[in-house]
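Here's the structure, in structure tokens; my notes come after.
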Amino acid sequence: CADRGPGAAAAQAAQQLLQQLLLALCKHSAGSATTAAVKQAPLWKQLASMQGISVADAAAQLQQLRTIVAVDLLQLYRPAAFSVQGVASSYIQLVQLPYVPAASAGLGSAVGGSDWQKLTHQQLAAVAPVRSAALQMLDATVFGWLQPAQQQTVFAAVLQAHATDAASECRRAARAALEKLPVTVDMLLPMLQRLGFSADSQQQQHLPKQQAKRTRRSSTHSQQTCEQAQPMEVDASAVPAAAEADSVGAIDDAVTALELLQWKDSVQGRQQLVQPLQDLLRQLIPLMGSIAEAYREQDAPGAADEAEQGDPVAAITDAAAGTVAASRTAVAAASAAGYAVQLVLLVLLQLEQGGFTDAGAVDPGLVLSCASAAPDGAVHNAALLLLAELAKSSPDVVLGHVLKALAVIQQSAALQEDSHSQAIAAAALAALVPAWLAAGRGSGELWGCLIEALPGLPAPRRLKLLETLQTALPKEAGLPVGLLLVMQGVVAAQSQQQVATPGNKLGGGKGKQQTTAAHQDADSLPAAEGDESEWLLGLMAALCEKVPVTERLEAFAAVLQSCLQDTSVDKQPLPAHAPLPRLAVTFVTANLKAKSVLSAAAAATSAAAPDAHSALQRACRFIMAQALLHLQQLNLTQADDQQQGDSATPSPNSSKGSRKRQRAIRAAAAGVYQLLAALETVQDCASYLQALVQMSRHPIDSVQRRALKLLAARLLKAQVDLADTEAAVEGLPAADRQAAVQRLAQAGLAICQELPRLLQAQSALTRQLALIAADAGIRQFGNVLPGAVLERLPDVAAAVSDVAPPVRVSALTCIACGVAAVGPKLVPLLPQTASVALAAAQNACKDLESYVHRQQQHQQQDSEQNQGSGSNAARQQTDGAMLTRGEEAALQLAGALAVLEALVTALGAFINPYLMTVLQLLLHRQVLACSTAGVAETAARLRAALPAKISPRLLLEPLMAQWDCALAACAGSSSSSVAGDSKAAAAADASGSAAGTSYSVSAAPAVAFLNLVAALASSMEPAVAVMYHEQLAGLLLRALDTRCKWVVAYSGQQRGAGTAEDATAAGIAQFGSAEVHAIESAAIKALAALVMKLSESKFKPLFLRLVEWANAGSSAAASDSSRSSAQGQARAAAF
């Protein structure tokens, strides 16, 4: 038959024989004890004895033989044989054997002839090999010979076998068959839509009695039920239980179809499932329960017996009569619904990922409803996965549901403890954020929603959720926005707390309350006393630790900027002393001291990470800029308060508010300075200096000035850093050591490169601070990089002609430091430098003379009578202005002398072309008389330095030419004096004055000149003194003639004849005896210093010359001429 192909008769015969074999297999399966088996027992014994085996073995061999024959008979079920009547139906009955009553498959006698009873587990195990063979032969060809209705039945049975068959070989065969079958959407839709029909039937069962009766009449099954039950004895729980059982079956069908869709990708028309799946989802949401409940029910007593049947739907139907069974049925239905919801969401996720859905085809609101109502993490996670995919593929559709989705994510973070669920929630949040931002929405609303939900979340999960949102957002919308919102919340909470407890009633008297309030105003910040505020700030600090250091510092800078621009209160920007900016400064300062920041800064300074170092320094500069802006605003606020206080009439309330505001301003300024100190710890010295130089380029002048002040202060401490750098590189090669030191020096002198720009600033204070900072840098690092100093000294020299006196003084001081730093390398710039210094000194002397003259005029006016009060007030104002000009001139003179002192010390003989002018300046009466700013002391040091640095050969000639000028200066100074001049002159030449000597400033130029001669004589070597002692002796003899000239002039025996000598003598006539004695003492001291350098042979001619000089005076005294007599007496006294 197999060779010729089965005909219709053969196929029918094979079908009938297969039916008998199946019946025999069921009857003789393990545990079966039918009447036929009892009757055949003697036959079994006889057969067993013939074979020499036991009866059980004989029965087993016969069962095996039946199985082999039944499997062979299935080979006759060729595709063409399915057209024969009864063959296809018998094949279908074999496939669906476990899921239908045995009677419908012709095996009713195997179960005692019952019409509804199914085969037992043992009977199904006996026919399992046959069923497995039937499933294995099912392919697309066989499936194509079946009618459409038969195809649907076979597909459902195979699908059921794959899902729930007790035999593993049947499940494998069903899976293989499903892989080969051409599955279409039309096959799945009936299974997916069955729940809808079941729901309709449940709704009909709850109609009014009349409508329910009419409905039951149209249903045969319902009529039979009514016939069997008495009208008054209907179990009220039977109908709902049966309905729930029907729902469970419908849900099981849907689950089976959904599981197929999970792994079979070749389903035709998958795009048509989108809407049916959503409809199914809407029907399942009210029925959804916990998936875990099914496992608990299986573990309950009695559940194992039901599980052994292999058919949960049949078990539920059989148990629907009892109360406990009804409860289990309800639990099973809810659990199955929950599992079905999870599968629907996963299938929709596959369709969305595979591009089988149109934009907006899936309703995000429905997905969120599933997530909100989900009792299990599996359903919740599936909904969030689908929502994340929708946000990626259709952001416009999801946009309106972002906030609700964020609430669902927060719920997931609060309830789900496993890491997998938390990761899915984080992924969903990360997918939703771009959709929100793409629509032009701000991140503040997302942050606000999340921050509000933080108190309801478990503490360990808060940070992870914040980190997820921060990671999903761009840098500018992430951490800065979150920090600002948290700080605003903390400040608002603190304000509400203060309003709720007015007066700070801590007990005690009024004084205690005032002390407490003052302490809070000065020191307390709105850092929150409540627990929530404390852990919020700590949580944000922990979030900052999760962010890279560079990004973190940029966020800090953005927060510092935004807190000043906050207009949430009264629509006005906040002042820098407001609670929010102060809290921001405190928070940033504390987090800059974190170990992670310091470690990153230390690592970034290495040569291996130049990019990281530049990024870190750029972020630090941003923070520094904001800190300087805070200081600027604090200064402006304080200045406004002072101006208002001067112009307005003070009142108790206003003065109290002003004091409170001033305390807040001082506290805020202290906080900003602490922030700058923290920045200094983050950056190395070179980086910090470079950052301050960058801040000097800020467009706001006040920020420039603040940066220059900080730069100058930091440069004054840089010597310690230089020493530390040298110690750190001590073991390195010389080139590396030099490079490290030069790097620090370049940073310290970087401000010099900015001088051309800064010296063009409109503000004189900015120009002055730039010079002060450059002076500090040159003072510390000028000797390391003299070339950088020389390059900018011309710019500094040009600033000496500035219109602002403080700028001129600072420029001169900077030049002095530059000259001391570069030393002999200044020779190319010596003409310009010396000319600038001498011109500045001469101008200062003129200003001082003008000041002295005006002061004398005012003193004369004070002696007059009848001066009105108005004129007195005007004169006092004029005196104040004059005093300021006098001090400015003195400071400028001190700066010029410092430059000249540096030039003499550094260049020595190179200063020779300017010696004449320098000596005239040093002997100027204003230089000797001015005690302000140490002018006299500086001039004394410079006079002492001249003999030490310049050789007598170069110094002697211009020095001898200055004696007449010195006497002339004495004559000119006799008519003018400055308070304290005698003290200044004595201090200037203390080394050359006798103890207890007191004289007026009129003789100071001559005394200073003679002391300079004495210093020159003392500094000479004996061999050099021999060469120049005659010139010096002649000069000193002229000086000793001062008494002679004084006596002559004092006696009135000489009248000016117009010559310079006579004019000098007329001035000398105004001397007193103390002045003459001071000049003689200085000359004798100088002569003694010269004598000490001479040998006896060289001293004798000098002594004889001195004697001759004195004798000449005696001879003149013997004559009748009164002038000669006075001259002789004076010389004799001097000798």
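Ordering of the structure tokens sets the chain letters (A, B, ...); residue numbers start at 1 within each chain; ligands are numbered from 1 in the order shown.
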Would you pick out the contacts of Ala156 of chain A at 9 Å or less, using only C-alpha atoms, so that residues sharing its chain but fewer than 4 positions from it are not included, and give the list as a PyMOL selection string? chain A and resi 96+151-152+160-161+187-188+191+253+256-257
Next, the residues of the selection above should be written as a compact mmCIF listing (two decimals), in the first residue's frame with N, CA, C and O atoms.
# COMPACT_ATOMS: atom_id res chain seq x y z
N GLN A 96 -5.03 17.11 18.73
CA GLN A 96 -5.63 17.82 19.85
C GLN A 96 -6.15 16.89 20.94
O GLN A 96 -6.97 17.29 21.75
N GLN A 151 -7.33 24.12 9.35
CA GLN A 151 -6.03 24.75 9.60
C GLN A 151 -6.01 25.53 10.92
O GLN A 151 -5.06 25.44 11.70
N GLN A 152 -7.10 26.24 11.16
CA GLN A 152 -7.17 27.01 12.40
C GLN A 152 -7.17 26.08 13.61
O GLN A 152 -6.51 26.34 14.62
N GLN A 160 -1.10 24.88 21.32
CA GLN A 160 -1.37 24.45 22.68
C GLN A 160 -0.39 23.37 23.12
O GLN A 160 0.08 23.34 24.26
N ALA A 161 -0.08 22.46 22.21
CA ALA A 161 0.87 21.39 22.54
C ALA A 161 2.26 21.95 22.82
O ALA A 161 2.96 21.50 23.73
N MET A 187 -4.61 33.73 11.70
CA MET A 187 -4.63 32.59 12.61
C MET A 187 -4.54 33.04 14.06
O MET A 187 -5.07 32.37 14.96
N LEU A 188 -3.86 34.16 14.31
CA LEU A 188 -3.64 34.60 15.67
C LEU A 188 -4.77 35.48 16.19
O LEU A 188 -5.03 35.52 17.40
N MET A 191 -7.44 34.01 18.50
CA MET A 191 -6.95 33.72 19.83
C MET A 191 -6.75 34.99 20.65
O MET A 191 -6.97 35.00 21.86
N ASP A 253 -5.34 31.34 25.73
CA ASP A 253 -5.18 31.36 24.28
C ASP A 253 -4.36 32.56 23.84
O ASP A 253 -3.49 32.45 22.96
N THR A 256 -0.77 32.02 24.65
CA THR A 256 -0.14 31.09 23.72
C THR A 256 0.24 31.78 22.42
O THR A 256 1.33 31.58 21.87
N ALA A 257 -0.69 32.58 21.89
CA ALA A 257 -0.40 33.31 20.65
C ALA A 257 0.71 34.33 20.86
O ALA A 257 1.59 34.50 20.00
re atom CA of Leu343 of chain A and atom CA of Leu284 of chain A: distance 11.3 Å
Need the shell around Ala374 of chain A: protein/DNA/RNA residues with any atom at most 8 Å away, counting only C-alpha atoms. Skip same-chain ones fewer than 3 positions apart. Format as a PyMOL selection string? chain A and resi 288-290+338+370-371+377+379-380
Residue among A:Gln694, A:Gln63, A:Gln147, A:Gln12 lying closest to Leu76 of chain A, counting only C-alpha atoms: A:Gln12
What are the DSSP helix (DSSP H, G or I) residues of segment 657-801 of chain A, as a PyMOL selection string? chain A and resi 657-682+685-695+701-716+718-728+734-748+750-753+755-758+764-781+786-801
Here is a test: counting only C-alpha atoms, which residue of A:Arg779, A:Arg582, A:His1077, A:His924 is nearest to Ala670 of chain A? A:Arg582
Residues near Thr153 of chain A, anyone? I mean within 9 Å using only C-alpha atoms, not counting same-chain ones fewer than 4 positions away, as a list in words.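 With the cut-off at 9 Å, the set is Ile92, Gln96, Pro148, Ala149, Ala157 and Val158 of chain A.
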For atom CA of Ala615 of chain A and atom CA of Glu476 of chain A, quote the distance in Å rounded to one decimal.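 That distance, rounded to one decimal, is 15.9 Å.
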Can you tell me, as a list in words, what residues are no more than 10 Å from Val397 of chain A when counting only C-alpha atoms, ignoring any on the same chain fewer than 5 positions away? Ala359, Gly360, Ala361, Val362, Asp363, Pro364, Gly365, Leu390, Ala391, Val402 and Ala435 of chain A
